[in-house]
Amino acid sequence: AGGCTVRAFAATYDGKSQAQARFLNLVVRRHVPRINAGVIVLEPEQHRVLIETFAAVVEASYPVAIADEATIAGHGPFAGLHHVPSIVILDPEGHEVFRHLGLADNHAIDAALKALEQGKTPPE
C-alpha cells in the first residue's frame, strides 16, 4: 500500500499501547519508505514527559505526537476514536481506509496493508 499512512493511537499508561507501539516498529522496518507511520498519544500536552518516556521505552522508529484537544475529545479527522490502542490506515490522499480498535499485531497490520495494495478491503 505505497503511500499509505499507519497511525496508532495510544496512551502512556496502557500496557497494550506499549505493545502496539512495538508492533508498529516491526511494520515500519518492513514497509518504510513505502508507508508513513506514527503514534498519536491521546493525552494532554501536560503529559509531554510521560509521552517522551513512552517513545523512548518502546524505541519508536517513527514520530510520536501528542493529540490535540479535539482529537482527545473524539472529534476531528478521527471522529469517535477513543479506544487505545487502535490502528487507522489512511490512503495516499489521507482518507481513512481501515480502522481496528484494540491491539493489532504486526501480522494483522501487514495483512491490512497487503490487502490495500491489492485493491481489496482489509480483513477486520
# chains A, B, ... in the order shown; residues from 1 in each chain; ligands from 1
$ residues_around --residues "range 11-26 of chain A" --least-positions-apart "4" --cutoff "12 Å" --atoms "only C-alpha atoms" --output "VMD selection string"
chain A and resid 5 to 7 30 to 32 35 to 44 47 to 67 72 82 to 88 100 to 110
$ residues_around --residues "Pro77 in chain A" --least-positions-apart "5" --cutoff "10 Å" --atoms "only C-alpha atoms" --output "list in words"
Ala70, Thr71, Gly94, His95 and Glu96 of chain A
